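Chemist: Got model_4.cif for you, mmCIF, C-alpha atoms:
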data_my_file
loop_
_atom_site.label_atom_id
_atom_site.label_comp_id
_atom_site.auth_asym_id
_atom_site.auth_seq_id
_atom_site.Cartn_x
_atom_site.Cartn_y
_atom_site.Cartn_z
CA MET H 29 -8.10 -34.02 -14.06
CA THR H 30 -7.78 -30.25 -14.33
CA ASN H 31 -8.67 -30.27 -18.02
CA SER H 32 -11.91 -32.16 -17.41
CA ILE H 33 -13.39 -30.18 -14.53
CA LYS H 34 -16.11 -27.62 -15.04
CA LEU H 35 -14.90 -24.38 -13.49
CA VAL H 36 -17.23 -21.42 -13.88
CA VAL H 37 -16.11 -17.79 -13.66
CA ILE H 38 -19.25 -15.76 -12.97
CA ASP H 39 -19.78 -12.99 -15.53
CA TYR H 40 -21.96 -10.15 -14.24
CA GLN H 41 -20.13 -7.29 -15.99
CA SER H 42 -18.25 -6.35 -12.82
CA GLY H 43 -15.12 -8.46 -12.84
CA ASN H 44 -11.61 -8.65 -14.22
CA LEU H 45 -12.70 -11.64 -16.23
CA ARG H 46 -9.96 -11.86 -18.83
CA SER H 47 -7.15 -11.80 -16.26
CA VAL H 48 -8.87 -14.39 -14.07
CA ALA H 49 -9.58 -16.67 -17.05
CA LYS H 50 -5.98 -16.43 -18.27
CA ALA H 51 -4.65 -17.23 -14.79
CA LEU H 52 -6.82 -20.34 -14.64
CA GLU H 53 -5.75 -21.38 -18.13
CA SER H 54 -2.13 -21.11 -17.03
CA VAL H 55 -2.76 -23.76 -14.35
CA GLY H 56 -4.40 -26.16 -16.78
CA VAL H 57 -8.10 -25.27 -16.64
CA SER H 58 -10.35 -24.01 -19.44
CA PRO H 59 -12.87 -21.96 -17.46
CA LEU H 60 -16.42 -21.29 -18.58
CA VAL H 61 -17.07 -17.56 -18.25
CA THR H 62 -20.84 -17.21 -17.95
CA GLY H 63 -23.69 -15.44 -16.25
CA GLU H 64 -26.10 -18.36 -16.64
CA ALA H 65 -27.50 -19.65 -13.34
CA ALA H 66 -27.90 -23.19 -14.69
CA GLU H 67 -24.20 -23.38 -15.53
CA ILE H 68 -23.27 -22.27 -12.02
CA GLY H 69 -25.45 -24.96 -10.49
CA THR H 70 -23.67 -27.75 -12.36
CA ALA H 71 -20.11 -26.49 -11.86
CA ASP H 72 -17.35 -28.40 -10.07
CA ALA H 73 -15.86 -25.10 -8.86
CA VAL H 74 -16.84 -21.44 -9.09
CA VAL H 75 -14.89 -18.17 -9.06
CA LEU H 76 -16.68 -14.89 -8.27
CA PRO H 77 -14.42 -12.02 -9.34
CA GLY H 78 -15.25 -8.37 -8.90
CA VAL H 79 -14.07 -4.78 -9.16
CA GLY H 80 -15.82 -1.49 -8.60
CA SER H 81 -18.96 -0.69 -6.63
CA GLY H 82 -20.60 -3.21 -4.27
CA PRO H 83 -24.16 -1.89 -4.71
CA ALA H 84 -23.79 -1.83 -8.51
CA ALA H 85 -22.45 -5.39 -8.46
CA MET H 86 -25.37 -6.60 -6.34
CA ASP H 87 -27.81 -4.89 -8.72
CA ALA H 88 -26.13 -6.70 -11.61
CA LEU H 89 -26.40 -10.05 -9.83
CA ARG H 90 -30.09 -9.45 -9.12
CA ARG H 91 -30.84 -8.47 -12.72
CA ARG H 92 -29.31 -11.75 -13.84
CA ASP H 93 -31.13 -13.78 -11.14
CA LEU H 94 -27.78 -14.96 -9.76
CA VAL H 95 -28.17 -14.15 -6.06
CA GLU H 96 -29.87 -17.38 -5.00
CA PRO H 97 -27.79 -19.63 -7.30
CA ILE H 98 -24.60 -18.22 -5.76
CA ARG H 99 -25.91 -18.64 -2.20
CA GLU H 100 -26.96 -22.21 -2.97
CA TYR H 101 -23.62 -23.02 -4.56
CA VAL H 102 -21.65 -21.71 -1.56
CA ALA H 103 -23.83 -23.88 0.70
CA SER H 104 -23.34 -26.96 -1.52
CA GLY H 105 -19.82 -27.68 -0.25
CA ARG H 106 -18.17 -27.43 -3.66
CA PRO H 107 -15.11 -25.17 -4.06
CA PHE H 108 -15.94 -21.47 -4.29
CA LEU H 109 -13.42 -18.63 -4.61
CA GLY H 110 -14.28 -14.94 -4.23
CA VAL H 111 -11.77 -12.37 -5.49
CA CYS H 112 -11.55 -8.74 -4.31
CA LEU H 113 -15.13 -7.41 -4.55
CA GLY H 114 -16.09 -11.08 -4.75
CA LEU H 115 -15.07 -11.37 -1.07
CA GLN H 116 -16.99 -8.27 0.01
CA LEU H 117 -20.19 -9.38 -1.75
CA LEU H 118 -20.27 -12.53 0.38
CA LEU H 119 -20.95 -10.57 3.56
CA GLU H 120 -24.36 -9.39 4.76
CA ARG H 121 -24.15 -5.67 4.11
CA THR H 122 -21.77 -2.99 2.87
CA GLU H 123 -21.26 0.57 4.09
CA GLU H 124 -20.86 1.52 0.45
CA GLY H 125 -24.35 2.77 -0.31
CA ASP H 126 -25.66 0.93 2.78
CA ALA H 127 -26.59 -2.01 0.56
CA ASP H 128 -27.48 -5.64 1.19
CA CYS H 129 -25.02 -8.28 -0.03
CA LEU H 130 -25.22 -12.07 -0.44
CA GLY H 131 -25.12 -12.91 3.28
CA SER H 132 -23.03 -16.09 3.00
CA ILE H 133 -20.66 -14.67 5.64
CA ALA H 134 -21.97 -12.90 8.76
CA GLY H 135 -20.53 -9.41 8.93
CA ARG H 136 -20.26 -6.06 7.18
CA VAL H 137 -18.07 -4.35 4.62
CA LYS H 138 -16.41 -1.19 5.94
CA ARG H 139 -14.53 1.71 4.37
CA LEU H 140 -10.79 1.90 4.93
CA PRO H 141 -9.95 4.43 7.68
CA GLU H 142 -9.24 8.12 7.22
CA GLY H 143 -5.60 9.08 6.98
CA GLN H 144 -4.75 6.45 4.37
CA LYS H 145 -4.56 6.93 0.64
CA VAL H 146 -7.70 5.35 -0.78
CA PRO H 147 -7.95 3.18 -2.74
CA HIS H 148 -5.35 0.90 -1.20
CA MET H 149 -3.47 0.08 -4.38
CA GLY H 150 -0.32 -1.97 -4.86
CA TRP H 151 1.60 -4.74 -3.17
CA ASN H 152 1.15 -5.56 0.51
CA SER H 153 1.91 -8.52 2.74
CA VAL H 154 -0.51 -11.12 4.07
CA SER H 155 -0.08 -12.67 7.51
CA PHE H 156 -1.60 -16.15 7.52
CA GLN H 157 -3.73 -16.84 10.61
CA GLN H 158 -4.65 -20.45 9.89
CA GLU H 159 -3.80 -23.29 7.53
CA HIS H 160 -5.85 -24.13 4.47
CA PRO H 161 -5.03 -26.24 1.39
CA VAL H 162 -5.44 -23.19 -0.87
CA PHE H 163 -2.34 -21.61 0.71
CA GLN H 164 -0.12 -24.68 0.59
CA GLY H 165 3.41 -23.77 -0.44
CA ILE H 166 2.96 -20.03 0.08
CA PRO H 167 5.33 -18.48 2.65
CA GLN H 168 4.15 -16.38 5.58
CA ASP H 169 4.05 -12.63 4.87
CA SER H 170 4.03 -13.11 1.11
CA HIS H 171 3.07 -10.05 -0.94
CA PHE H 172 0.00 -9.81 -3.15
CA TYR H 173 -1.58 -7.08 -5.26
CA PHE H 174 -4.48 -5.04 -3.81
CA VAL H 175 -6.90 -2.48 -5.26
CA HIS H 176 -9.79 -1.58 -2.94
CA SER H 177 -11.41 1.14 -0.83
CA TYR H 178 -13.51 -1.12 1.42
CA TYR H 179 -12.71 -4.27 3.39
CA ALA H 180 -14.57 -7.26 4.79
CA ALA H 181 -15.18 -7.37 8.54
CA PRO H 182 -16.62 -10.81 9.43
CA GLU H 183 -18.44 -11.06 12.77
CA ASP H 184 -16.58 -14.27 13.62
CA ASP H 185 -12.83 -14.07 13.11
CA THR H 186 -12.49 -17.86 13.37
CA TRP H 187 -12.31 -18.13 9.58
CA VAL H 188 -10.16 -15.07 8.93
CA ALA H 189 -7.27 -16.93 7.33
CA GLY H 190 -5.09 -13.95 6.49
CA THR H 191 -4.76 -10.33 7.58
CA THR H 192 -3.13 -7.26 6.06
CA ASP H 193 -2.31 -3.89 7.62
CA TYR H 194 -3.33 -0.63 5.95
CA GLY H 195 -4.34 1.82 8.66
CA VAL H 196 -6.25 -1.10 10.16
CA SER H 197 -5.61 -4.83 10.30
CA PHE H 198 -8.24 -6.22 7.94
CA CYS H 199 -9.33 -9.61 6.66
CA SER H 200 -7.44 -10.17 3.42
CA ILE H 201 -8.31 -13.89 3.23
CA TYR H 202 -11.43 -15.69 4.44
CA ALA H 203 -11.38 -19.49 4.37
CA ARG H 204 -14.10 -21.80 5.67
CA ASP H 205 -14.15 -25.31 4.24
CA ASN H 206 -15.03 -24.99 0.53
CA LEU H 207 -15.44 -21.20 0.71
CA VAL H 208 -12.29 -19.15 0.14
CA ALA H 209 -12.12 -15.46 -0.69
CA THR H 210 -9.28 -12.98 -1.02
CA GLN H 211 -9.28 -9.19 -0.88
CA PHE H 212 -6.24 -9.14 -3.17
CA HIS H 213 -6.07 -10.19 -6.81
CA PRO H 214 -4.25 -13.53 -7.20
CA GLU H 215 -4.33 -13.12 -10.99
CA LYS H 216 -2.25 -9.92 -10.64
CA SER H 217 0.11 -11.34 -8.02
CA GLY H 218 2.65 -13.26 -10.05
CA ARG H 219 3.83 -16.77 -9.26
CA LEU H 220 2.31 -16.97 -5.78
CA GLY H 221 -1.05 -15.77 -7.06
CA LEU H 222 -1.05 -18.53 -9.66
CA ARG H 223 -0.20 -21.00 -6.90
CA ILE H 224 -3.42 -19.98 -5.14
CA TYR H 225 -5.42 -20.73 -8.30
CA GLN H 226 -3.66 -24.07 -8.71
CA ASN H 227 -4.34 -25.01 -5.09
CA PHE H 228 -7.98 -23.96 -5.49
CA VAL H 229 -8.38 -26.17 -8.55
CA ASN H 230 -6.90 -29.04 -6.54
CA LEU H 231 -9.83 -28.79 -4.10
CA VAL H 232 -12.20 -30.19 -6.71
CA GLY H 233 -13.35 -33.59 -5.50
CA ASN H 234 -11.62 -33.13 -2.16
CA PRO H 235 -12.91 -29.99 -0.39
CA PRO H 236 -11.60 -29.59 3.18
CA LYS H 237 -13.80 -29.91 6.27
CA LEU H 238 -11.95 -27.53 8.51
CA SER H 239 -15.07 -26.50 10.45
CA ALA H 240 -15.57 -30.06 11.69
CA GLN H 241 -11.91 -30.28 12.66
CA ARG H 242 -12.11 -26.93 14.43
CA SER H 243 -15.25 -27.97 16.34
CA SER H 244 -13.58 -31.23 17.40
CA THR H 245 -10.48 -29.37 18.59
CA GLN H 246 -12.51 -26.80 20.51
CA SER H 247 -14.61 -29.44 22.26
CA SER H 248 -11.68 -31.63 23.29
#
Would it be possible to restate this file's structure as structure tokens?
Modeler:
Amino acid sequence: MTNSIKLVVIDYQSGNLRSVAKALESVGVSPLVTGEAAEIGTADAVVLPGVGSGPAAMDALRRRDLVEPIREYVASGRPFLGVCLGLQLLLERTEEGDADCLGSIAGRVKRLPEGQKVPHMGWNSVSFQQEHPVFQGIPQDSHFYFVHSYYAAPEDDTWVAGTTDYGVSFCSIYARDNLVATQFHPEKSGRLGLRIYQNFVNLVGNPPKLSAQRSSTQSS
């Protein structure tokens, strides 16, 4: 099945595209790297990578008329993975340049606190806060590779699936149904990072409905 799915890696000249594409190829997928909105709309799964400046990335998405297609895809229920800046762009606004973002996740992007070396670069551990199929087979407190100066701060921590400490405990994984995003780079994180990509690919055709389960649990 993995060879036949249409997995799009969004190209907006702000992502580590080659590394992401090679990681996906290593788990049996031939990704389509494209900045065409029509291709995104017909994808079985989408990856939004990203490095660098949030405001510059948003400007690039607007120039390519990709803002609404991405928002619509996230809302469609099909698997969507944001990586590093790709997580931050999903929130409503960033302190970096006080710029608007995609708004798929309520909350803001904040700068890492004073007193820490910025950017936060290198290996750090992730403490899983909830279960999700994308993290199946990955041990608690596993280490992944980070490079960032800002972090996502969702308003509702219900869907904060993993946290990492670096002067502050921040959201290093967000997971809500089909929408998963990591502050770290799975493609730079060795065997466990590739496991995340494999698990993400496995969501195609069977995205989880964790929000319905959570609502049922909370109301019982």
Chemist: Can you pull out the residues contacting region 158-172 of chain H? Cut-off 6 Å, using only C-alpha atoms, and skip same-chain residues under 3 positions away; I want them as a count of residues only.
Modeler: 10
Chemist: Extract, using only C-alpha atoms, all DNA, RNA and protein residues at most 8 Å from region 173-188 of chain H, discarding same-chain residues fewer than 5 positions from it, and format them as a ChimeraX atom specification.
Modeler: /H:112,115-116,119,124,133-140,146-152,157-158,198-204,211-214,216-217
Chemist: How many Å separate CA of Cys129 (chain H) from CA of Leu117 (chain H)?
Modeler: 5.2 Å
Chemist: Kindly give the distance, in Å, that separates CA of Ser42 (chain H) and CA of Thr122 (chain H), rounded to a single decimal.
Modeler: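 Here the two named atoms are 16.4 Å from each other.
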Chemist: Please compute the CA of Leu45 (chain H)-CA of Ile33 (chain H) distance, one decimal, in Å.
Modeler: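 Going from CA of Leu45 (chain H) over to CA of Ile33 (chain H), I get 18.6 Å.
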Chemist: Point out the residue among H:Asp39, H:Ser197, H:Gly125, H:Lys145 with the least atom-to-atom distance to Ser81 (chain H), counting all atoms listed in the file.
Modeler: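 Under the stated criterion, the closest residue is H:Gly125.
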Chemist: Rank H:Leu113, H:Ala84, H:Val75, H:Leu220 by their smallest atom-to-atom distance to Asn206 (chain H), using only C-alpha atoms, and report the top residue only.
Modeler: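 The shortest atom-to-atom distance to Asn206 (chain H) comes from H:Val75.
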Chemist: With the file shown as input, list the residues that the PyMOL selection byres ((chain H and resi 51) around 12) selects, as number ranges by chain.
Modeler: H: 37, 44-50, 52-59, 75, 213-226, 228-229
Chemist: Would you write out, as JSON lines, a table of all residues in region 114-206 of chain H that have an atom no more than 8 Å from an atom of region 95-110 of chain H, listing for each the closest atom pair and the distance in Å to one decimal, considering all atoms listed in the file and ordering rows by chain and rising residue number?
Modeler:
{"residue": "H:Gly114", "atom": "CA", "partner": "H:Gly110", "partner_atom": "CA", "distance": 4.3}
{"residue": "H:Leu115", "atom": "CA", "partner": "H:Gly110", "partner_atom": "CA", "distance": 4.8}
{"residue": "H:Leu118", "atom": "CA", "partner": "H:Gly110", "partner_atom": "CA", "distance": 7.9}
{"residue": "H:Leu130", "atom": "CA", "partner": "H:Val95", "partner_atom": "CA", "distance": 6.7}
{"residue": "H:Gly131", "atom": "CA", "partner": "H:Arg99", "partner_atom": "CA", "distance": 8.0}
{"residue": "H:Ser132", "atom": "CA", "partner": "H:Arg99", "partner_atom": "CA", "distance": 6.5}
{"residue": "H:Asp205", "atom": "CA", "partner": "H:Gly105", "partner_atom": "CA", "distance": 7.6}
{"residue": "H:Asn206", "atom": "CA", "partner": "H:Pro107", "partner_atom": "CA", "distance": 4.6}
Chemist: Can you spell out as a VMD selection string the set of residues that the PyMOL selection byres ((chain H and resi 64) around 9) selects in the structure I just provided?
Modeler: chain H and resid 38 to 39 62 to 63 65 to 68 92 to 94
Chemist: Nearest residue to Leu231 (chain H) out of H:Met86, H:Leu207, H:Tyr194, H:Arg91, using all atoms listed in the file?
Modeler: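 Closest residue, counting all atoms listed in the file: H:Leu207.
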Chemist: What would region 150-173 of chain H look like with N, CA and C atoms in place, written as a PDB file, in the coordinates of the input?
Modeler:
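The file below, part-v7.pdb, is the result:
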ATOM      1  N   GLY H 150      -1.694  -1.521  -4.760  1.00  0.00           N
ATOM      2  CA  GLY H 150      -0.320  -1.970  -4.860  1.00  0.00           C
ATOM      3  C   GLY H 150      -0.064  -3.220  -4.040  1.00  0.00           C
ATOM      4  N   TRP H 151       1.204  -3.520  -3.842  1.00  0.00           N
ATOM      5  CA  TRP H 151       1.600  -4.740  -3.170  1.00  0.00           C
ATOM      6  C   TRP H 151       1.607  -4.556  -1.660  1.00  0.00           C
ATOM      7  N   ASN H 152       1.121  -5.570  -0.950  1.00  0.00           N
ATOM      8  CA  ASN H 152       1.150  -5.560   0.510  1.00  0.00           C
ATOM      9  C   ASN H 152       1.242  -7.008   0.990  1.00  0.00           C
ATOM     10  N   SER H 153       1.680  -7.169   2.221  1.00  0.00           N
ATOM     11  CA  SER H 153       1.910  -8.520   2.740  1.00  0.00           C
ATOM     12  C   SER H 153       0.656  -9.083   3.394  1.00  0.00           C
ATOM     13  N   VAL H 154       0.592 -10.392   3.426  1.00  0.00           N
ATOM     14  CA  VAL H 154      -0.510 -11.120   4.070  1.00  0.00           C
ATOM     15  C   VAL H 154       0.075 -11.993   5.176  1.00  0.00           C
ATOM     16  N   SER H 155      -0.477 -11.841   6.363  1.00  0.00           N
ATOM     17  CA  SER H 155      -0.080 -12.670   7.510  1.00  0.00           C
ATOM     18  C   SER H 155      -1.099 -13.790   7.665  1.00  0.00           C
ATOM     19  N   PHE H 156      -0.679 -15.015   7.424  1.00  0.00           N
ATOM     20  CA  PHE H 156      -1.600 -16.150   7.520  1.00  0.00           C
ATOM     21  C   PHE H 156      -1.934 -16.433   8.982  1.00  0.00           C
ATOM     22  N   GLN H 157      -3.241 -16.600   9.256  1.00  0.00           N
ATOM     23  CA  GLN H 157      -3.730 -16.840  10.610  1.00  0.00           C
ATOM     24  C   GLN H 157      -4.138 -18.283  10.837  1.00  0.00           C
ATOM     25  N   GLN H 158      -4.267 -19.052   9.785  1.00  0.00           N
ATOM     26  CA  GLN H 158      -4.650 -20.450   9.890  1.00  0.00           C
ATOM     27  C   GLN H 158      -4.185 -21.181   8.636  1.00  0.00           C
ATOM     28  N   GLU H 159      -4.185 -22.489   8.685  1.00  0.00           N
ATOM     29  CA  GLU H 159      -3.800 -23.290   7.530  1.00  0.00           C
ATOM     30  C   GLU H 159      -5.032 -23.614   6.685  1.00  0.00           C
ATOM     31  N   HIS H 160      -4.806 -23.718   5.397  1.00  0.00           N
ATOM     32  CA  HIS H 160      -5.850 -24.130   4.470  1.00  0.00           C
ATOM     33  C   HIS H 160      -5.157 -24.647   3.217  1.00  0.00           C
ATOM     34  N   PRO H 161      -5.688 -25.691   2.578  1.00  0.00           N
ATOM     35  CA  PRO H 161      -5.030 -26.240   1.390  1.00  0.00           C
ATOM     36  C   PRO H 161      -4.781 -25.219   0.275  1.00  0.00           C
ATOM     37  N   VAL H 162      -5.604 -24.180   0.185  1.00  0.00           N
ATOM     38  CA  VAL H 162      -5.440 -23.190  -0.870  1.00  0.00           C
ATOM     39  C   VAL H 162      -4.126 -22.413  -0.729  1.00  0.00           C
ATOM     40  N   PHE H 163      -3.561 -22.381   0.483  1.00  0.00           N
ATOM     41  CA  PHE H 163      -2.340 -21.610   0.710  1.00  0.00           C
ATOM     42  C   PHE H 163      -1.106 -22.486   0.863  1.00  0.00           C
ATOM     43  N   GLN H 164      -1.248 -23.750   0.501  1.00  0.00           N
ATOM     44  CA  GLN H 164      -0.120 -24.680   0.590  1.00  0.00           C
ATOM     45  C   GLN H 164       1.039 -24.186  -0.287  1.00  0.00           C
ATOM     46  N   GLY H 165       2.230 -24.161   0.308  1.00  0.00           N
ATOM     47  CA  GLY H 165       3.410 -23.770  -0.440  1.00  0.00           C
ATOM     48  C   GLY H 165       3.635 -22.282  -0.554  1.00  0.00           C
ATOM     49  N   ILE H 166       2.811 -21.482   0.126  1.00  0.00           N
ATOM     50  CA  ILE H 166       2.960 -20.030   0.080  1.00  0.00           C
ATOM     51  C   ILE H 166       3.531 -19.544   1.407  1.00  0.00           C
ATOM     52  N   PRO H 167       4.677 -18.881   1.404  1.00  0.00           N
ATOM     53  CA  PRO H 167       5.330 -18.480   2.650  1.00  0.00           C
ATOM     54  C   PRO H 167       4.536 -17.414   3.423  1.00  0.00           C
ATOM     55  N   GLN H 168       4.721 -17.429   4.729  1.00  0.00           N
ATOM     56  CA  GLN H 168       4.150 -16.380   5.580  1.00  0.00           C
ATOM     57  C   GLN H 168       4.641 -15.013   5.121  1.00  0.00           C
ATOM     58  N   ASP H 169       3.746 -14.030   5.218  1.00  0.00           N
ATOM     59  CA  ASP H 169       4.050 -12.630   4.870  1.00  0.00           C
ATOM     60  C   ASP H 169       4.399 -12.438   3.401  1.00  0.00           C
ATOM     61  N   SER H 170       3.875 -13.305   2.556  1.00  0.00           N
ATOM     62  CA  SER H 170       4.030 -13.110   1.110  1.00  0.00           C
ATOM     63  C   SER H 170       3.256 -11.866   0.670  1.00  0.00           C
ATOM     64  N   HIS H 171       3.696 -11.264  -0.428  1.00  0.00           N
ATOM     65  CA  HIS H 171       3.070 -10.050  -0.940  1.00  0.00           C
ATOM     66  C   HIS H 171       2.139 -10.365  -2.106  1.00  0.00           C
ATOM     67  N   PHE H 172       0.999  -9.669  -2.101  1.00  0.00           N
ATOM     68  CA  PHE H 172       0.000  -9.810  -3.150  1.00  0.00           C
ATOM     69  C   PHE H 172      -0.488  -8.421  -3.558  1.00  0.00           C
ATOM     70  N   TYR H 173      -1.191  -8.369  -4.688  1.00  0.00           N
ATOM     71  CA  TYR H 173      -1.580  -7.080  -5.260  1.00  0.00           C
ATOM     72  C   TYR H 173      -3.025  -6.719  -4.880  1.00  0.00           C
TER      73      TYR H 173
END
